[in-house]
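Undergrad: Structure supplied as input.cif; contents: mmCIF, C-alpha atoms and all ligand atoms.
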data_protein
loop_
_atom_site.label_atom_id
_atom_site.label_comp_id
_atom_site.auth_asym_id
_atom_site.auth_seq_id
_atom_site.Cartn_x
_atom_site.Cartn_y
_atom_site.Cartn_z
CA MET A 65 80.43 109.08 85.28
CA THR A 66 82.24 106.53 87.41
CA GLY A 67 82.54 105.96 91.13
CA LEU A 68 83.22 103.62 94.04
CA VAL A 69 80.62 101.62 96.00
CA VAL A 70 81.22 102.75 99.59
CA GLY A 71 78.11 101.31 101.21
CA LEU A 72 75.43 98.72 100.70
CA GLU A 73 72.24 99.14 102.69
CA ALA A 74 69.38 96.70 101.98
CA ASN A 75 71.10 95.99 98.67
CA ARG A 76 70.97 99.64 97.62
CA PRO A 77 74.51 100.73 96.90
CA THR A 78 75.82 104.11 97.93
CA VAL A 79 78.30 105.31 95.35
CA LEU A 80 80.83 108.06 95.78
CA ALA A 81 81.26 109.48 92.29
CA ASP A 82 84.71 110.61 91.25
CA ASP A 83 83.55 114.25 91.46
CA GLY A 84 82.87 113.76 95.19
CA THR A 85 79.06 113.49 94.99
CA ARG A 86 77.29 110.72 96.87
CA TYR A 87 74.46 108.82 95.18
CA LEU A 88 72.04 106.28 96.50
CA CYS A 89 71.79 103.93 93.56
CA TYR A 90 69.57 101.51 91.74
CA LEU A 91 70.81 98.83 89.43
CA ARG A 92 69.77 98.54 85.82
CA GLY A 93 68.01 95.38 84.58
CA ARG A 94 70.86 93.16 83.49
CA ILE A 95 72.97 94.07 86.50
CA HIS A 96 69.92 93.85 88.73
CA ARG A 97 69.81 90.11 88.17
CA ASP A 98 73.34 89.96 89.57
CA LEU A 99 72.32 92.11 92.51
CA GLY A 100 73.73 89.74 95.06
CA ARG A 101 77.06 90.21 93.48
CA ILE A 102 77.54 93.94 93.85
CA MET A 103 79.99 94.63 96.63
CA VAL A 104 81.50 97.47 98.52
CA GLY A 105 84.74 98.27 96.72
CA ASP A 106 83.22 97.80 93.26
CA ARG A 107 84.07 100.42 90.68
CA VAL A 108 80.91 101.29 88.76
CA SER A 109 79.54 103.47 85.97
CA LEU A 110 76.46 105.47 86.90
CA ASN A 111 73.95 107.93 85.49
CA PRO A 112 72.31 110.43 87.87
CA THR A 113 68.49 110.36 87.76
CA ASP A 114 67.27 112.57 90.62
CA PRO A 115 69.27 114.72 93.03
CA GLY A 116 71.34 112.30 95.07
CA GLU A 117 70.09 109.30 93.12
CA ALA A 118 71.61 107.42 90.22
CA ILE A 119 71.34 104.24 88.27
CA ILE A 120 74.31 101.91 88.02
CA THR A 121 74.87 100.90 84.42
CA ASP A 122 78.02 98.84 84.68
CA VAL A 123 80.36 97.19 87.17
CA ASP A 124 84.07 96.91 86.46
CA THR A 125 85.84 93.57 86.52
CA ARG A 126 87.27 92.95 89.97
CA LYS A 127 90.93 92.60 90.80
CA ASN A 128 90.08 90.34 93.76
CA THR A 129 87.38 89.78 96.36
CA LEU A 130 87.28 89.09 100.05
CA LEU A 131 84.26 87.14 101.31
CA ARG A 132 84.48 88.06 104.97
CA PRO A 133 83.81 90.91 104.95
CA PRO A 134 82.42 91.05 101.40
CA VAL A 135 84.69 93.64 99.75
CA ALA A 136 85.85 93.86 96.15
CA ASN A 137 89.15 95.22 94.87
CA VAL A 138 90.99 94.98 98.16
CA ALA A 139 94.29 96.80 97.86
CA GLY A 140 95.65 95.55 101.14
CA THR A 141 95.12 93.93 104.50
CA PHE A 142 96.36 95.07 107.87
CA VAL A 143 97.25 91.84 109.63
CA VAL A 144 96.71 92.56 113.31
CA PHE A 145 98.88 90.60 115.72
CA THR A 146 99.48 90.76 119.45
CA VAL A 147 102.64 89.74 121.26
CA THR A 148 100.62 89.22 124.46
CA GLU A 149 96.96 88.95 125.47
CA PRO A 150 96.49 86.89 123.43
CA ARG A 151 99.98 85.61 122.63
CA GLY A 152 99.84 85.65 118.83
CA ASN A 153 100.31 82.59 116.68
CA ARG A 154 103.03 83.49 114.22
CA GLU A 155 102.23 80.66 111.84
CA LEU A 156 98.74 82.15 111.37
CA LEU A 157 100.31 85.56 110.86
CA ASP A 158 102.57 84.17 108.15
CA LYS A 159 99.62 82.36 106.56
CA ARG A 160 97.69 85.62 106.37
CA LEU A 161 100.66 87.30 104.72
CA VAL A 162 100.89 84.49 102.16
CA LEU A 163 97.13 84.66 101.54
CA ALA A 164 97.29 88.39 100.91
CA ASP A 165 100.02 87.85 98.36
CA LEU A 166 98.14 85.01 96.66
CA SER A 167 95.07 87.27 96.45
CA HIS A 168 97.11 90.12 94.95
CA MET A 169 96.71 92.27 98.02
CA GLU A 170 99.40 94.16 99.85
CA ALA A 171 99.87 93.40 103.52
CA GLU A 172 101.17 95.33 106.50
CA VAL A 173 101.66 94.06 110.03
CA VAL A 174 99.97 95.85 112.92
CA LEU A 175 101.40 94.93 116.33
CA ASN A 176 98.55 95.94 118.61
CA LYS A 177 98.46 96.25 122.41
CA VAL A 178 102.00 97.56 122.74
CA ASP A 179 100.83 99.05 126.07
CA LEU A 180 100.65 95.47 127.40
CA SER A 181 103.69 94.03 125.65
CA SER A 182 107.37 94.03 126.48
CA ALA A 183 109.19 96.52 124.27
CA GLU A 184 111.90 93.90 123.57
CA GLU A 185 109.41 91.37 122.25
CA VAL A 186 107.68 93.95 120.08
CA GLU A 187 111.02 95.08 118.69
CA ALA A 188 112.08 91.47 117.94
CA ILE A 189 108.91 90.76 115.94
CA ARG A 190 109.11 94.12 114.25
CA ASP A 191 112.63 93.37 113.15
CA ILE A 192 111.72 89.96 111.69
CA TYR A 193 108.88 91.36 109.57
CA ARG A 194 110.75 94.47 108.52
CA LYS A 195 113.52 92.23 107.24
CA ALA A 196 110.84 90.29 105.39
CA GLY A 197 109.90 93.53 103.63
CA TYR A 198 106.65 94.32 105.43
CA ALA A 199 105.67 97.63 106.94
CA VAL A 200 105.22 97.04 110.68
CA TRP A 201 103.17 99.33 112.93
CA PRO A 202 103.45 98.95 116.70
CA VAL A 203 100.25 100.50 118.05
CA SER A 204 97.96 100.58 121.03
CA SER A 205 94.29 100.97 120.24
CA SER A 206 93.74 101.84 123.88
CA THR A 207 96.26 104.66 124.25
CA LYS A 208 96.27 105.45 120.48
CA GLU A 209 100.05 105.32 120.54
CA GLY A 210 101.39 104.70 117.02
CA LEU A 211 97.98 105.07 115.38
CA GLU A 212 98.72 108.38 113.69
CA ALA A 213 101.90 107.01 112.10
CA MET A 214 100.03 103.93 110.92
CA VAL A 215 97.11 105.72 109.24
CA SER A 216 99.17 108.49 107.69
CA ALA A 217 101.58 106.24 105.80
CA PRO A 218 101.12 106.48 102.04
CA ARG A 219 98.81 103.82 100.61
CA GLN A 220 95.91 103.68 98.22
CA GLY A 221 92.65 101.87 97.66
CA VAL A 222 90.60 99.74 100.01
CA TRP A 223 92.11 98.14 103.11
CA VAL A 224 90.70 95.63 105.57
CA LEU A 225 91.76 94.71 109.10
CA VAL A 226 92.24 90.97 109.55
CA GLY A 227 93.48 88.80 112.39
CA GLU A 228 92.64 86.42 115.18
CA SER A 229 89.86 86.94 117.68
CA GLY A 230 90.79 89.23 120.54
CA VAL A 231 93.73 91.00 118.91
CA GLY A 232 91.80 94.26 118.90
CA LYS A 233 90.49 94.72 115.36
CA SER A 234 87.20 96.25 116.51
CA THR A 235 88.94 98.46 119.05
CA LEU A 236 91.37 99.60 116.36
CA LEU A 237 88.50 100.43 113.99
CA ALA A 238 86.76 102.43 116.68
CA ALA A 239 89.97 104.34 117.39
CA ALA A 240 90.70 104.97 113.72
CA ILE A 241 87.18 105.87 112.54
CA PRO A 242 85.00 106.91 115.49
CA GLU A 243 82.40 108.34 113.01
CA ALA A 244 81.81 104.85 111.67
CA ILE A 245 80.88 103.57 115.08
CA ALA A 246 78.67 106.58 115.79
CA ALA A 247 76.93 106.26 112.42
CA THR A 248 76.11 102.60 112.77
CA GLY A 249 75.49 102.41 116.49
CA GLY A 250 78.07 99.70 116.87
CA LEU A 251 80.52 97.67 114.89
CA SER A 252 79.25 95.38 112.20
CA ARG A 253 79.82 91.73 112.94
CA ILE A 254 79.95 90.31 109.48
CA GLY A 255 80.24 86.58 109.14
CA ARG A 256 80.34 85.82 112.83
CA GLY A 257 77.84 83.52 114.45
CA LYS A 258 74.17 84.39 114.33
CA GLU A 259 74.67 88.11 113.97
CA THR A 260 75.72 87.73 110.36
CA THR A 261 74.82 90.84 108.42
CA ARG A 262 75.59 92.09 104.96
CA ARG A 263 76.29 95.63 106.06
CA VAL A 264 79.75 96.90 105.35
CA GLY A 265 80.94 100.39 104.64
CA LEU A 266 84.11 102.10 103.50
CA TRP A 267 85.52 105.08 105.33
CA ARG A 268 88.06 107.54 104.04
CA LEU A 269 91.21 107.61 106.16
CA ARG A 270 93.76 110.05 104.77
CA ASN A 271 94.71 108.60 101.39
CA PHE A 272 93.02 105.20 101.57
CA TRP A 273 89.71 103.52 102.44
CA LEU A 274 89.17 101.29 105.44
CA ALA A 275 86.33 98.76 105.59
CA ASP A 276 84.34 99.08 108.82
CA ALA A 277 84.03 95.30 109.21
CA PRO A 278 87.05 93.19 110.10
CA GLY A 279 88.05 90.11 108.13
CA TYR A 280 87.94 86.48 109.10
CA THR A 281 89.51 85.06 105.99
CA SER A 282 89.43 81.34 105.68
CA LEU A 283 92.96 80.05 106.03
CA LYS A 284 92.64 77.27 103.48
CA VAL A 285 93.86 77.46 99.92
CA GLN A 286 95.20 75.22 97.19
CA VAL A 287 98.42 76.20 95.50
CA ASN A 288 100.27 74.31 92.79
CA ASP A 289 103.66 75.86 92.95
CA ALA A 290 106.01 76.42 95.88
CA ARG A 291 107.18 79.60 94.22
CA ASP A 292 103.77 81.16 94.89
CA ILE A 293 104.44 80.70 98.59
CA LEU A 294 108.02 81.93 98.38
CA ARG A 295 106.87 85.33 97.11
CA ALA A 296 105.59 86.04 100.63
CA PHE A 297 109.02 85.17 102.10
CA PRO A 298 111.10 87.69 100.14
CA GLU A 299 113.86 87.71 102.75
CA PHE A 300 114.82 84.15 101.69
CA ALA A 301 115.98 85.56 98.35
CA LEU A 302 118.87 87.27 100.15
CA TYR A 303 120.66 83.92 100.41
CA ASP A 304 122.29 82.09 97.52
CA CYS A 305 121.43 78.49 96.79
CA ARG A 306 123.24 76.12 94.48
CA TYR A 307 120.08 75.47 92.48
CA ALA A 308 118.10 78.35 91.01
CA ASN A 309 114.83 76.49 91.62
CA CYS A 310 115.77 75.53 95.21
CA ARG A 311 112.73 75.04 97.44
CA HIS A 312 114.94 75.27 100.54
CA LEU A 313 113.87 71.91 101.93
CA LYS A 314 116.73 69.41 101.72
CA GLU A 315 118.63 70.56 98.68
CA PRO A 316 122.43 70.53 98.95
CA GLY A 317 124.07 73.94 98.92
CA CYS A 318 120.92 75.68 100.16
CA GLY A 319 121.77 79.16 101.44
CA VAL A 320 118.43 79.49 103.23
CA LEU A 321 119.03 76.35 105.30
CA ALA A 322 122.52 77.61 106.11
CA ALA A 323 121.15 81.00 107.16
CA VAL A 324 118.59 79.34 109.45
CA ALA A 325 121.28 77.07 110.95
CA SER A 326 123.53 80.04 111.69
CA GLY A 327 120.66 82.06 113.17
CA ILE A 328 120.79 84.94 110.64
CA LEU A 329 117.38 83.98 109.27
CA ASP A 330 114.48 83.65 111.69
CA SER A 331 113.76 79.96 112.21
CA GLY A 332 110.08 80.66 112.87
CA ARG A 333 109.60 82.18 109.44
CA TYR A 334 111.37 79.17 107.94
CA ARG A 335 109.26 76.64 109.88
CA HIS A 336 106.07 78.37 108.82
CA TYR A 337 107.19 78.36 105.21
CA VAL A 338 107.67 74.59 105.40
CA ALA A 339 104.33 74.12 107.19
CA ILE A 340 102.52 76.22 104.60
CA LEU A 341 104.11 74.21 101.79
CA ASP A 342 102.95 71.00 103.51
CA ASN A 343 99.42 72.28 104.06
CA TRP A 344 98.67 74.19 100.93
CA VAL A 345 100.79 73.08 98.03
CA THR A 346 99.47 70.26 95.90
CA PRO A 347 102.13 69.44 93.33
CA ARG A 348 100.85 69.07 89.79
CA ALA A 349 100.44 65.45 88.80
N1 LIG B 1 95.39 97.09 126.68
C1 LIG B 1 94.88 97.05 125.45
N2 LIG B 1 93.74 96.37 125.23
C2 LIG B 1 93.26 96.35 123.99
C3 LIG B 1 93.90 97.01 122.91
N3 LIG B 1 93.19 96.79 121.79
C4 LIG B 1 92.14 96.04 122.16
N4 LIG B 1 92.17 95.78 123.48
C5 LIG B 1 91.20 94.95 124.24
O1 LIG B 1 91.26 93.63 123.74
C6 LIG B 1 89.99 93.01 123.78
C7 LIG B 1 89.63 92.46 122.42
O2 LIG B 1 89.53 93.52 121.51
P1 LIG B 1 88.54 93.49 120.25
O3 LIG B 1 88.67 94.81 119.58
O4 LIG B 1 87.20 93.05 120.67
O5 LIG B 1 89.22 92.33 119.41
P2 LIG B 1 88.78 91.76 117.98
O6 LIG B 1 90.01 91.52 117.21
O7 LIG B 1 87.77 92.66 117.37
O8 LIG B 1 88.14 90.36 118.38
P3 LIG B 1 86.99 89.54 117.59
O9 LIG B 1 85.87 90.50 117.28
O10 LIG B 1 86.59 88.46 118.55
O11 LIG B 1 87.63 88.99 116.36
C8 LIG B 1 89.03 94.08 124.27
O12 LIG B 1 88.81 93.89 125.64
C9 LIG B 1 89.78 95.38 124.03
O13 LIG B 1 89.40 96.39 124.93
C10 LIG B 1 95.12 97.71 123.17
O14 LIG B 1 95.77 98.28 122.31
N5 LIG B 1 95.56 97.69 124.46
MG MG B 2 85.79 92.38 116.78
ZN ZN B 3 117.67 76.94 99.04
#
Any chance you could give the structure as structure tokens?

TA:
Amino acid sequence: MTGLVVGLEANRPTVLADDGTRYLCYLRGRIHRDLGRIMVGDRVSLNPTDPGEAIITDVDTRKNTLLRPPVANVAGTFVVFTVTEPRGNRELLDKRLVLADLSHMEAEVVLNKVDLSSAEEVEAIRDIYRKAGYAVWPVSSSTKEGLEAMVSAPRQGVWVLVGESGVGKSTLLAAAIPEAIAATGGLSRIGRGKETTRRVGLWRLRNFWLADAPGYTSLKVQVNDARDILRAFPEFALYDCRYANCRHLKEPGCGVLAAVASGILDSGRYRHYVAILDNWVTPRA
């Protein structure tokens, strides 16, 4: 049978088999040597041994991995952003959206703390990211406004909350999966300071899984091709450029530059695109 690793306690994986049964697992010899490498989110083959216990015989090849928190096969990230308290840095938001794309993950934008923000500002940001093709969820983790709409949207697989410190990732987790907090006696603090722990669990939320540890993805990557960055700026493709391979920097007849100049295209998104190109793209020699 096959299943999904939903927990990892003292290196013993808990697997939810496809028939709905939970097994506390051991790893077989060959895989045992790679023990450190089994992760929540892994798809595995297993053979039951005793009631509630099974041996893992194989681990599927991963689609991608996140290191903080350690989760395999991440389908998507919720990039949490706040308009106020703290005033969010939109360049970091755009970087996280690019990173998700580069890692073959979907991304959705969560605008948290709407109870503290001006409705106009929230609507302006929402509009920019909707036009860029992202699902945007204005929510308040405090009042739970918008939370139901966010969690009940159709999506599949394993999702992780990511974002800057203080935007409310932990509060959002507690609001979305109170059982997780009750079960663990607090939120896991993976990869932060001295409290680093390997514990991370997956919780079923409607039609997807949510990791109970937020992400602090490193915002440094190396990319060879500007087109890999452009995929995360799909709204630029709405404008026609003279050259098919236009990078929208200084090329004559660039429709993106014209759209920014006339104010149709958000200049922030454009500036961040240029900054990301500068920071991350190393042209092939
Ligand atoms: N008013 C209001 N406050 C919120 C909301 N969400 C979170 N907060 C508060 O914002 C502060 C930071 O929230 P956390 O959940 O700790 O933020 P975090 O993203 O987990 O921060 P780090 O763990 O440092 O990365 C806390 O004081 C929360 O109570 C919200 O929707 N509205
Ligand atoms: Mg937190
Ligand atoms: Zn162009």

Undergrad: List all protein, DNA and RNA residues that have any atom at most 9 Å from ligand ZN 3 (chain B), counting all atoms listed in the file, and write the list as a PyMOL selection string.

TA: chain A and resi 300-301+303-322

Undergrad: I'd like the contact shell of A:Val215 - 8 Å cut-off, only C-alpha atoms, skipping same-chain residues fewer than 3 positions apart - returned as an NGL selection string.

TA: :A and (211-212 or 240 or 269-270)

Undergrad: Give me the residues within 10 Å of stretch 159-168 of chain A as a PDB file with C-alpha atoms, in the frame of the given file, counting only C-alpha atoms and dropping any in the same chain fewer than 6 places off.

TA:
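In the end it all went to selection_29.pdb:
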ATOM      1  CA  LYS A 127      90.930  92.600  90.800  1.00  0.00           C
ATOM      2  CA  ASN A 128      90.080  90.340  93.760  1.00  0.00           C
ATOM      3  CA  THR A 129      87.380  89.780  96.360  1.00  0.00           C
ATOM      4  CA  LEU A 130      87.280  89.090 100.050  1.00  0.00           C
ATOM      5  CA  ASN A 137      89.150  95.220  94.870  1.00  0.00           C
ATOM      6  CA  VAL A 138      90.990  94.980  98.160  1.00  0.00           C
ATOM      7  CA  ALA A 139      94.290  96.800  97.860  1.00  0.00           C
ATOM      8  CA  GLY A 140      95.650  95.550 101.140  1.00  0.00           C
ATOM      9  CA  THR A 141      95.120  93.930 104.500  1.00  0.00           C
ATOM     10  CA  PHE A 142      96.360  95.070 107.870  1.00  0.00           C
ATOM     11  CA  VAL A 143      97.250  91.840 109.630  1.00  0.00           C
ATOM     12  CA  VAL A 144      96.710  92.560 113.310  1.00  0.00           C
ATOM     13  CA  TYR A 198     106.650  94.320 105.430  1.00  0.00           C
ATOM     14  CA  VAL A 226      92.240  90.970 109.550  1.00  0.00           C
ATOM     15  CA  GLY A 227      93.480  88.800 112.390  1.00  0.00           C
ATOM     16  CA  THR A 281      89.510  85.060 105.990  1.00  0.00           C
ATOM     17  CA  SER A 282      89.430  81.340 105.680  1.00  0.00           C
ATOM     18  CA  LEU A 283      92.960  80.050 106.030  1.00  0.00           C
ATOM     19  CA  LYS A 284      92.640  77.270 103.480  1.00  0.00           C
ATOM     20  CA  VAL A 285      93.860  77.460  99.920  1.00  0.00           C
ATOM     21  CA  VAL A 287      98.420  76.200  95.500  1.00  0.00           C
ATOM     22  CA  ASP A 292     103.770  81.160  94.890  1.00  0.00           C
ATOM     23  CA  ILE A 293     104.440  80.700  98.590  1.00  0.00           C
ATOM     24  CA  LEU A 294     108.020  81.930  98.380  1.00  0.00           C
ATOM     25  CA  ARG A 295     106.870  85.330  97.110  1.00  0.00           C
ATOM     26  CA  ALA A 296     105.590  86.040 100.630  1.00  0.00           C
ATOM     27  CA  PHE A 297     109.020  85.170 102.100  1.00  0.00           C
ATOM     28  CA  HIS A 336     106.070  78.370 108.820  1.00  0.00           C
ATOM     29  CA  TYR A 337     107.190  78.360 105.210  1.00  0.00           C
ATOM     30  CA  ALA A 339     104.330  74.120 107.190  1.00  0.00           C
ATOM     31  CA  ILE A 340     102.520  76.220 104.600  1.00  0.00           C
ATOM     32  CA  TRP A 344      98.670  74.190 100.930  1.00  0.00           C
TER      33      TRP A 344
END

Undergrad: Select, counting all atoms listed in the file, all protein, DNA and RNA residues no farther than 7 Å from (83.8, 104.8, 92.1) in file coordinates, and express the selection as a list in words.

TA: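 The residues that fall inside the cut-off are Thr66, Gly67, Leu68, Val69, Val79, Leu80, Ala81, Asp82, Arg107 and Val108 of chain A.
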
Undergrad: Produce a table with one row for each residue of chain A that has an atom at most 10 Å from any atom of ligand LIG 1 (chain B), each row naming the nearest atom pair and its distance in Å at one decimal; use only C-alpha atoms and all ligand atoms; arrange rows by chain and rising residue number; format as JSON lines.

TA:
{"residue": "A:Val144", "atom": "CA", "partner": "B:LIG1", "partner_atom": "O6", "distance": 7.8}
{"residue": "A:Phe145", "atom": "CA", "partner": "B:LIG1", "partner_atom": "O6", "distance": 9.0}
{"residue": "A:Thr146", "atom": "CA", "partner": "B:LIG1", "partner_atom": "O14", "distance": 8.9}
{"residue": "A:Thr148", "atom": "CA", "partner": "B:LIG1", "partner_atom": "N1", "distance": 9.7}
{"residue": "A:Glu149", "atom": "CA", "partner": "B:LIG1", "partner_atom": "O1", "distance": 7.6}
{"residue": "A:Pro150", "atom": "CA", "partner": "B:LIG1", "partner_atom": "O1", "distance": 8.5}
{"residue": "A:Leu175", "atom": "CA", "partner": "B:LIG1", "partner_atom": "O14", "distance": 8.9}
{"residue": "A:Asn176", "atom": "CA", "partner": "B:LIG1", "partner_atom": "O14", "distance": 5.2}
{"residue": "A:Lys177", "atom": "CA", "partner": "B:LIG1", "partner_atom": "O14", "distance": 3.4}
{"residue": "A:Val178", "atom": "CA", "partner": "B:LIG1", "partner_atom": "O14", "distance": 6.3}
{"residue": "A:Asp179", "atom": "CA", "partner": "B:LIG1", "partner_atom": "N5", "distance": 5.7}
{"residue": "A:Leu180", "atom": "CA", "partner": "B:LIG1", "partner_atom": "N1", "distance": 5.6}
{"residue": "A:Ser181", "atom": "CA", "partner": "B:LIG1", "partner_atom": "N1", "distance": 8.9}
{"residue": "A:Pro202", "atom": "CA", "partner": "B:LIG1", "partner_atom": "O14", "distance": 9.5}
{"residue": "A:Val203", "atom": "CA", "partner": "B:LIG1", "partner_atom": "O14", "distance": 6.6}
{"residue": "A:Ser204", "atom": "CA", "partner": "B:LIG1", "partner_atom": "O14", "distance": 3.4}
{"residue": "A:Ser205", "atom": "CA", "partner": "B:LIG1", "partner_atom": "O14", "distance": 3.7}
{"residue": "A:Ser206", "atom": "CA", "partner": "B:LIG1", "partner_atom": "O14", "distance": 4.4}
{"residue": "A:Thr207", "atom": "CA", "partner": "B:LIG1", "partner_atom": "O14", "distance": 6.7}
{"residue": "A:Lys208", "atom": "CA", "partner": "B:LIG1", "partner_atom": "O14", "distance": 7.4}
{"residue": "A:Glu209", "atom": "CA", "partner": "B:LIG1", "partner_atom": "O14", "distance": 8.4}
{"residue": "A:Leu211", "atom": "CA", "partner": "B:LIG1", "partner_atom": "O14", "distance": 10.0}
{"residue": "A:Leu225", "atom": "CA", "partner": "B:LIG1", "partner_atom": "O6", "distance": 8.9}
{"residue": "A:Val226", "atom": "CA", "partner": "B:LIG1", "partner_atom": "O6", "distance": 8.0}
{"residue": "A:Gly227", "atom": "CA", "partner": "B:LIG1", "partner_atom": "O6", "distance": 6.5}
{"residue": "A:Glu228", "atom": "CA", "partner": "B:LIG1", "partner_atom": "O11", "distance": 5.8}
{"residue": "A:Ser229", "atom": "CA", "partner": "B:LIG1", "partner_atom": "O11", "distance": 3.3}
{"residue": "A:Gly230", "atom": "CA", "partner": "B:LIG1", "partner_atom": "O8", "distance": 3.6}
{"residue": "A:Val231", "atom": "CA", "partner": "B:LIG1", "partner_atom": "O6", "distance": 4.1}
{"residue": "A:Gly232", "atom": "CA", "partner": "B:LIG1", "partner_atom": "O3", "distance": 3.2}
{"residue": "A:Lys233", "atom": "CA", "partner": "B:LIG1", "partner_atom": "O6", "distance": 3.7}
{"residue": "A:Ser234", "atom": "CA", "partner": "B:LIG1", "partner_atom": "O3", "distance": 3.7}
{"residue": "A:Thr235", "atom": "CA", "partner": "B:LIG1", "partner_atom": "O3", "distance": 3.7}
{"residue": "A:Leu236", "atom": "CA", "partner": "B:LIG1", "partner_atom": "O3", "distance": 6.4}
{"residue": "A:Leu237", "atom": "CA", "partner": "B:LIG1", "partner_atom": "O3", "distance": 7.9}
{"residue": "A:Ala238", "atom": "CA", "partner": "B:LIG1", "partner_atom": "O3", "distance": 8.4}
{"residue": "A:Ala239", "atom": "CA", "partner": "B:LIG1", "partner_atom": "N3", "distance": 9.3}
{"residue": "A:Leu251", "atom": "CA", "partner": "B:LIG1", "partner_atom": "O7", "distance": 9.2}
{"residue": "A:Ser252", "atom": "CA", "partner": "B:LIG1", "partner_atom": "O9", "distance": 9.7}
{"residue": "A:Arg253", "atom": "CA", "partner": "B:LIG1", "partner_atom": "O9", "distance": 7.5}
{"residue": "A:Ile254", "atom": "CA", "partner": "B:LIG1", "partner_atom": "O9", "distance": 9.8}
{"residue": "A:Arg256", "atom": "CA", "partner": "B:LIG1", "partner_atom": "O9", "distance": 8.5}
{"residue": "A:Ala277", "atom": "CA", "partner": "B:LIG1", "partner_atom": "O7", "distance": 9.4}
{"residue": "A:Pro278", "atom": "CA", "partner": "B:LIG1", "partner_atom": "O7", "distance": 7.3}
{"residue": "A:Gly279", "atom": "CA", "partner": "B:LIG1", "partner_atom": "O11", "distance": 8.3}
{"residue": "A:Tyr280", "atom": "CA", "partner": "B:LIG1", "partner_atom": "O11", "distance": 7.7}

Undergrad: Quick one: distance from atom CA of A:Glu170 to atom CA of A:Leu131 in Å, one decimal?

TA: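 Separation between atom CA of A:Glu170 and atom CA of A:Leu131: 16.8 Å.
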
Undergrad: From the list A:Ala217, A:Asn75, A:Asp276, A:Glu299, which residue is nearest ligand MG 2 (chain B) when using all atoms listed in the file?

TA: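 Of the candidates, the smallest distance to ligand MG 2 (chain B) is held by A:Asp276.
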